[in-house]
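So this block is my_file.txt, compact mmCIF, C-alpha atoms:
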```txt
# COMPACT_ATOMS: atom_id res chain seq x y z
CA MET A 1 108.67 -27.05 45.39
CA ARG A 2 108.39 -28.93 48.67
CA GLN A 3 112.07 -28.33 49.48
CA LEU A 4 111.63 -24.61 48.80
CA LEU A 5 108.62 -24.49 51.12
CA GLN A 6 110.57 -26.32 53.86
CA ARG A 7 113.44 -23.83 53.54
CA VAL A 8 111.09 -20.85 53.75
CA VAL A 9 109.40 -22.30 56.85
CA ALA A 10 112.80 -23.00 58.43
CA LEU A 11 113.93 -19.42 57.75
CA ILE A 12 110.75 -17.99 59.24
CA LEU A 13 111.08 -20.15 62.36
CA ALA A 14 114.74 -19.24 62.75
CA SER A 15 113.88 -15.54 62.57
CA LEU A 16 111.37 -15.96 65.40
CA LEU A 17 113.83 -17.62 67.78
CA PRO A 18 116.15 -15.62 70.06
CA SER A 19 119.53 -15.21 68.47
CA GLY A 20 123.05 -15.83 69.66
CA LEU A 21 123.97 -16.63 73.22
CA ALA A 22 120.49 -16.65 74.73
CA ALA A 23 119.21 -19.24 72.25
CA ALA A 24 121.98 -21.70 73.12
CA GLU A 25 122.06 -20.81 76.81
CA GLU A 26 121.04 -23.32 79.47
CA TRP A 27 119.20 -21.74 82.40
CA ARG A 28 118.64 -22.89 85.98
CA THR A 29 116.54 -21.27 88.64
CA TYR A 30 118.68 -20.43 91.66
CA THR A 31 116.96 -20.03 95.02
CA ASP A 32 118.96 -18.42 97.80
CA PRO A 33 119.71 -20.92 100.62
CA GLN A 34 117.99 -18.57 103.07
CA GLN A 35 114.87 -18.45 100.81
CA ARG A 36 115.22 -14.67 100.28
CA PHE A 37 115.31 -14.49 96.48
CA ALA A 38 115.16 -16.58 93.30
CA VAL A 39 116.46 -15.90 89.81
CA ASP A 40 117.11 -17.72 86.55
CA LEU A 41 120.86 -17.96 85.91
CA PRO A 42 122.72 -18.63 82.65
CA VAL A 43 124.80 -21.73 83.41
CA THR A 44 126.28 -22.38 79.98
CA SER A 45 128.21 -19.12 79.68
CA PHE A 46 128.64 -18.08 83.33
CA GLU A 47 130.13 -19.80 86.36
CA MET A 48 129.53 -19.12 90.02
CA THR A 49 132.57 -17.53 91.65
CA ASP A 50 131.00 -16.57 94.98
CA ASP A 51 128.09 -18.52 96.47
CA ALA A 52 125.35 -16.84 98.46
CA GLY A 53 125.78 -17.80 102.08
CA SER A 54 124.39 -16.02 105.07
CA ASP A 55 125.65 -12.74 103.60
CA GLY A 56 123.20 -13.02 100.69
CA HIS A 57 125.74 -12.37 97.91
CA LEU A 58 126.26 -14.35 94.72
CA THR A 59 128.73 -13.57 91.92
CA LEU A 60 128.98 -15.14 88.48
CA SER A 61 131.71 -14.55 85.93
CA GLU A 62 131.40 -15.05 82.21
CA ILE A 63 133.35 -18.06 80.97
CA GLY A 64 135.83 -16.77 78.40
CA GLY A 65 134.56 -13.21 78.73
CA THR A 66 134.53 -10.22 81.06
CA ALA A 67 130.87 -9.90 82.07
CA ILE A 68 130.08 -10.10 85.80
CA ILE A 69 126.72 -10.76 87.46
CA ASP A 70 126.29 -9.82 91.13
CA ILE A 71 123.16 -10.76 93.06
CA PHE A 72 122.55 -9.75 96.64
CA PHE A 73 120.06 -9.43 99.45
CA GLY A 74 120.26 -7.32 102.59
CA ASN A 75 118.64 -5.01 105.10
CA ASN A 76 117.66 -1.48 104.16
CA LEU A 77 118.81 -0.07 107.50
CA LYS A 78 117.78 3.51 106.73
CA ARG A 79 114.56 2.38 105.07
CA LEU A 80 115.39 4.43 102.01
CA SER A 81 112.72 4.59 99.36
CA PRO A 82 113.62 3.04 96.02
CA ALA A 83 113.99 6.55 94.55
CA ALA A 84 116.36 7.64 97.34
CA PHE A 85 118.35 4.42 97.06
CA ALA A 86 118.62 4.86 93.26
CA ASP A 87 119.79 8.44 93.76
CA ARG A 88 122.59 7.28 96.06
CA LEU A 89 123.66 4.58 93.63
CA SER A 90 123.64 7.01 90.71
CA HIS A 91 126.28 9.10 92.51
CA ALA A 92 128.56 6.18 93.40
CA GLY A 93 132.21 6.62 92.45
CA LEU A 94 132.35 4.33 89.42
CA VAL A 95 129.13 5.54 87.79
CA LYS A 96 129.88 7.70 84.76
CA ASP A 97 126.31 8.26 83.60
CA ILE A 98 122.78 6.95 83.72
CA THR A 99 121.13 6.27 80.39
CA TYR A 100 117.97 4.62 81.70
CA GLN A 101 116.07 4.82 84.98
CA THR A 102 112.61 3.71 86.00
CA GLY A 103 110.93 2.51 89.15
CA GLY A 104 107.92 2.15 91.34
CA ARG A 105 106.98 2.03 95.01
CA THR A 106 109.04 -1.10 95.74
CA TRP A 107 111.54 -1.34 92.88
CA PHE A 108 113.86 0.51 90.53
CA VAL A 109 116.13 -0.07 87.56
CA LEU A 110 119.27 1.87 86.64
CA SER A 111 121.44 1.44 83.59
CA GLY A 112 124.36 3.38 82.21
CA HIS A 113 128.14 3.27 82.02
CA TYR A 114 130.97 2.89 84.49
CA ARG A 115 134.02 5.13 84.40
CA GLN A 116 136.97 3.43 82.75
CA THR A 117 140.64 4.21 82.82
CA GLY A 118 143.04 4.07 79.91
CA ASP A 119 142.00 2.54 76.63
CA GLU A 120 139.55 0.02 78.06
CA PRO A 121 136.20 -0.11 76.25
CA PRO A 122 133.33 1.44 78.22
CA LEU A 123 131.39 -0.85 80.55
CA ILE A 124 127.61 -0.98 80.62
CA TYR A 125 125.89 -1.72 83.90
CA TYR A 126 122.29 -2.74 84.46
CA ALA A 127 120.91 -2.95 87.99
CA LYS A 128 117.49 -3.88 89.33
CA TYR A 129 116.51 -3.66 92.99
CA LEU A 130 113.36 -4.97 94.65
CA PHE A 131 112.21 -3.93 98.14
CA THR A 132 109.90 -5.61 100.60
CA ALA A 133 106.61 -3.75 101.09
CA ASP A 134 107.82 -2.32 104.44
CA LEU A 135 111.15 -1.24 102.82
CA GLU A 136 113.10 -3.13 105.51
CA GLN A 137 114.86 -5.46 103.09
CA LEU A 138 115.98 -5.38 99.50
CA GLY A 139 117.44 -7.62 96.87
CA GLY A 140 119.12 -6.71 93.67
CA PHE A 141 121.22 -7.81 90.79
CA GLU A 142 123.71 -6.03 88.63
CA ILE A 143 125.38 -7.11 85.43
CA SER A 144 128.30 -5.28 83.88
CA TYR A 145 129.83 -5.92 80.47
CA SER A 146 131.70 -4.25 77.64
CA VAL A 147 129.76 -2.00 75.28
CA ASP A 148 131.01 -4.30 72.52
CA ASP A 149 128.96 -7.15 74.07
CA LYS A 150 125.65 -5.26 74.31
CA HIS A 151 123.89 -7.12 71.50
CA ARG A 152 125.15 -10.52 72.63
CA LEU A 153 124.33 -10.06 76.34
CA GLY A 154 121.06 -8.13 75.99
CA PRO A 155 118.91 -11.30 75.96
CA ILE A 156 120.75 -12.57 79.08
CA VAL A 157 119.97 -9.30 80.91
CA GLU A 158 116.32 -9.52 79.88
CA ARG A 159 115.92 -13.08 81.16
CA ILE A 160 117.57 -12.35 84.51
CA GLU A 161 115.55 -9.15 84.93
CA ALA A 162 112.26 -10.90 84.19
CA SER A 163 112.95 -13.80 86.56
CA PHE A 164 114.47 -12.00 89.56
CA ARG A 165 112.09 -11.98 92.56
CA LEU A 166 112.07 -11.75 96.32
CA LEU A 167 110.54 -14.66 98.18
```
Could I get this structure in the form of structure tokens?
Amino acid sequence: MRQLLQRVVALILASLLPSGLAAAEEWRTYTDPQQRFAVDLPVTSFEMTDDAGSDGHLTLSEIGGTAIIDIFFGNNLKRLSPAAFADRLSHAGLVKDITYQTGGRTWFVLSGHYRQTGDEPPLIYYAKYLFTADLEQLGGFEISYSVDDKHRLGPIVERIEASFRLL
């Protein structure tokens, strides 16, 4: 009876934990050297391929996979509102469609698919941008990955999205 109870408790606990990649993932908070942004990064399954220097750009590539994370910070020279900036991004050359969009006075999120050529599986993109209160500067991150990896990478996207902030 006791063994059965232990198994049931173990099954219940396992069902409450995040599954797959996110459960086994090691995370580190990355703070931009210029103190412009901070974000939690998955360091078990991604490696840094481009470090953020004075240009404010950071790129990570999935180890053994095709997902890419880009994080950046810059000036909003035209002081576009988040809605106007999102509109421009939604009409960029690689964007096939937008399946999700939301935002506020100093932020927005876009998600959808990139155009693909040939027989490549469709790519999902998820982008979040944050603006300073005066709209002079902005920071953002984008992750792109195969539609086939949506379930596996969803928890990674959620963690990055929740942790990304301007300093």
Residue nearest Ser144 in chain A - candidates A:Tyr125, A:Phe46, A:Tyr30, A:Phe72, atoms counted: all atoms listed in the file: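 Nearest candidate to Ser144 in chain A out of A:Tyr125, A:Phe46, A:Tyr30, A:Phe72: A:Tyr125.
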With only C-alpha atoms as the counted atoms, please give the residues lying no more than 12 Å from Asp55 in chain A, apart from itself and same-chain residues fewer than 6 positions off, as a short mmCIF file (atom, residue, chain, number, x, y, z; two decimals) with C-alpha atoms, in the frame of the given file.
```cif
data_model
loop_
_atom_site.label_atom_id
_atom_site.label_comp_id
_atom_site.auth_asym_id
_atom_site.auth_seq_id
_atom_site.Cartn_x
_atom_site.Cartn_y
_atom_site.Cartn_z
CA ASP A 32 118.96 -18.42 97.80
CA PRO A 33 119.71 -20.92 100.62
CA GLN A 34 117.99 -18.57 103.07
CA ARG A 36 115.22 -14.67 100.28
CA ILE A 71 123.16 -10.76 93.06
CA PHE A 72 122.55 -9.75 96.64
CA PHE A 73 120.06 -9.43 99.45
CA GLY A 74 120.26 -7.32 102.59
CA ASN A 75 118.64 -5.01 105.10
CA GLY A 139 117.44 -7.62 96.87
#
```
Check the smallest atom-to-atom distance from each of A:Val147, A:Leu60, A:Val95, A:Ala86 to Val109 in chain A using only C-alpha atoms, then report the winner. A:Ala86
To one decimal place, how far is CA of Lys78 in chain A from CA of Leu130 in chain A in Å?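 Computing the Euclidean distance for CA of Lys78 in chain A and CA of Leu130 in chain A yields 15.4 Å.
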Set the distance at 7 Å and use all atoms listed in the file: which residues neighbour Lys96 in chain A once local chain neighbours fewer than 2 positions away are removed? I'd like the list as a PyMOL selection string. chain A and resi 94+113-115
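Comparing A:Thr59, A:Ala133, A:Ala127, A:Val43 by their smallest distance to Glu25 in chain A, the closest is A:Val43 (using all atoms listed in the file).
For the atom pair formed by CA of Pro121 in chain A and CA of Val157 in chain A, the distance is 19.2 Å, given to one decimal.
Restricting the calculation to all atoms listed in the file, the smallest distance between Thr31 in chain A and any of A:Lys128, A:Arg165, A:Arg159, A:Arg152 is found for A:Arg165.
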Between CA of Gly103 in chain A and CA of Ala38 in chain A, what is the distance in Å, rounded to a tenth? 20.0 Å
Calculated over all atoms listed in the file, which of the candidates A:Lys150, A:Thr66, A:Phe164, A:Ile156 has the smallest distance to Glu120 in chain A? A:Thr66
As a count of residues only, please: the residues near Pro42 in chain A (cut-off 12 Å, all atoms listed in the file, same-chain neighbours under 6 positions excluded). 26
Since the input lacks some atoms of range 84-106 of chain A, please model N, CA and C atoms and print them as a JSON list (two decimals), in the coordinates of the input.
```
[["chain", "number", "residue", "atom", "x", "y", "z"],
["A", 84, "ALA", "N", 115.21, 7.13, 96.58],
["A", 84, "ALA", "CA", 116.36, 7.64, 97.34],
["A", 84, "ALA", "C", 117.55, 6.70, 97.20],
["A", 85, "PHE", "N", 117.28, 5.41, 97.22],
["A", 85, "PHE", "CA", 118.35, 4.42, 97.06],
["A", 85, "PHE", "C", 118.97, 4.56, 95.66],
["A", 86, "ALA", "N", 118.13, 4.69, 94.64],
["A", 86, "ALA", "CA", 118.62, 4.86, 93.26],
["A", 86, "ALA", "C", 119.45, 6.12, 93.14],
["A", 87, "ASP", "N", 119.03, 7.19, 93.80],
["A", 87, "ASP", "CA", 119.79, 8.44, 93.76],
["A", 87, "ASP", "C", 121.19, 8.24, 94.35],
["A", 88, "ARG", "N", 121.27, 7.54, 95.45],
["A", 88, "ARG", "CA", 122.59, 7.28, 96.06],
["A", 88, "ARG", "C", 123.47, 6.44, 95.14],
["A", 89, "LEU", "N", 122.88, 5.42, 94.54],
["A", 89, "LEU", "CA", 123.66, 4.58, 93.63],
["A", 89, "LEU", "C", 124.12, 5.36, 92.41],
["A", 90, "SER", "N", 123.29, 6.26, 91.92],
["A", 90, "SER", "CA", 123.64, 7.01, 90.71],
["A", 90, "SER", "C", 124.81, 7.95, 90.93],
["A", 91, "HIS", "N", 125.15, 8.23, 92.19],
["A", 91, "HIS", "CA", 126.28, 9.10, 92.51],
["A", 91, "HIS", "C", 127.48, 8.33, 93.06],
["A", 92, "ALA", "N", 127.44, 7.00, 92.94],
["A", 92, "ALA", "CA", 128.56, 6.18, 93.40],
["A", 92, "ALA", "C", 129.79, 6.47, 92.54],
["A", 93, "GLY", "N", 130.96, 6.24, 93.09],
["A", 93, "GLY", "CA", 132.21, 6.62, 92.45],
["A", 93, "GLY", "C", 132.46, 6.10, 91.05],
["A", 94, "LEU", "N", 132.06, 4.88, 90.74],
["A", 94, "LEU", "CA", 132.35, 4.33, 89.42],
["A", 94, "LEU", "C", 131.33, 4.70, 88.36],
["A", 95, "VAL", "N", 130.19, 5.24, 88.74],
["A", 95, "VAL", "CA", 129.13, 5.54, 87.79],
["A", 95, "VAL", "C", 129.50, 6.78, 86.97],
["A", 96, "LYS", "N", 129.59, 6.59, 85.67],
["A", 96, "LYS", "CA", 129.88, 7.70, 84.76],
["A", 96, "LYS", "C", 128.60, 8.44, 84.38],
["A", 97, "ASP", "N", 127.59, 7.66, 84.00],
["A", 97, "ASP", "CA", 126.31, 8.26, 83.60],
["A", 97, "ASP", "C", 125.19, 7.26, 83.78],
["A", 98, "ILE", "N", 123.99, 7.78, 83.68],
["A", 98, "ILE", "CA", 122.78, 6.95, 83.72],
["A", 98, "ILE", "C", 122.05, 7.20, 82.41],
["A", 99, "THR", "N", 121.81, 6.13, 81.68],
["A", 99, "THR", "CA", 121.13, 6.27, 80.39],
["A", 99, "THR", "C", 119.68, 5.81, 80.46],
["A", 100, "TYR", "N", 119.34, 5.10, 81.53],
["A", 100, "TYR", "CA", 117.97, 4.62, 81.70],
["A", 100, "TYR", "C", 117.67, 4.48, 83.18],
["A", 101, "GLN", "N", 116.50, 4.96, 83.59],
["A", 101, "GLN", "CA", 116.07, 4.82, 84.98],
["A", 101, "GLN", "C", 114.57, 4.76, 85.02],
["A", 102, "THR", "N", 114.05, 3.82, 85.79],
["A", 102, "THR", "CA", 112.61, 3.71, 86.00],
["A", 102, "THR", "C", 112.40, 3.07, 87.36],
["A", 103, "GLY", "N", 111.19, 3.13, 87.86],
["A", 103, "GLY", "CA", 110.93, 2.51, 89.15],
["A", 103, "GLY", "C", 109.50, 2.66, 89.59],
["A", 104, "GLY", "N", 109.24, 2.10, 90.74],
["A", 104, "GLY", "CA", 107.92, 2.15, 91.34],
["A", 104, "GLY", "C", 108.05, 2.21, 92.85],
["A", 105, "ARG", "N", 106.98, 1.91, 93.56],
["A", 105, "ARG", "CA", 106.98, 2.03, 95.01],
["A", 105, "ARG", "C", 107.94, 1.07, 95.69],
["A", 106, "THR", "N", 108.16, -0.12, 95.10],
["A", 106, "THR", "CA", 109.04, -1.10, 95.74],
["A", 106, "THR", "C", 110.12, -1.64, 94.81]]
```
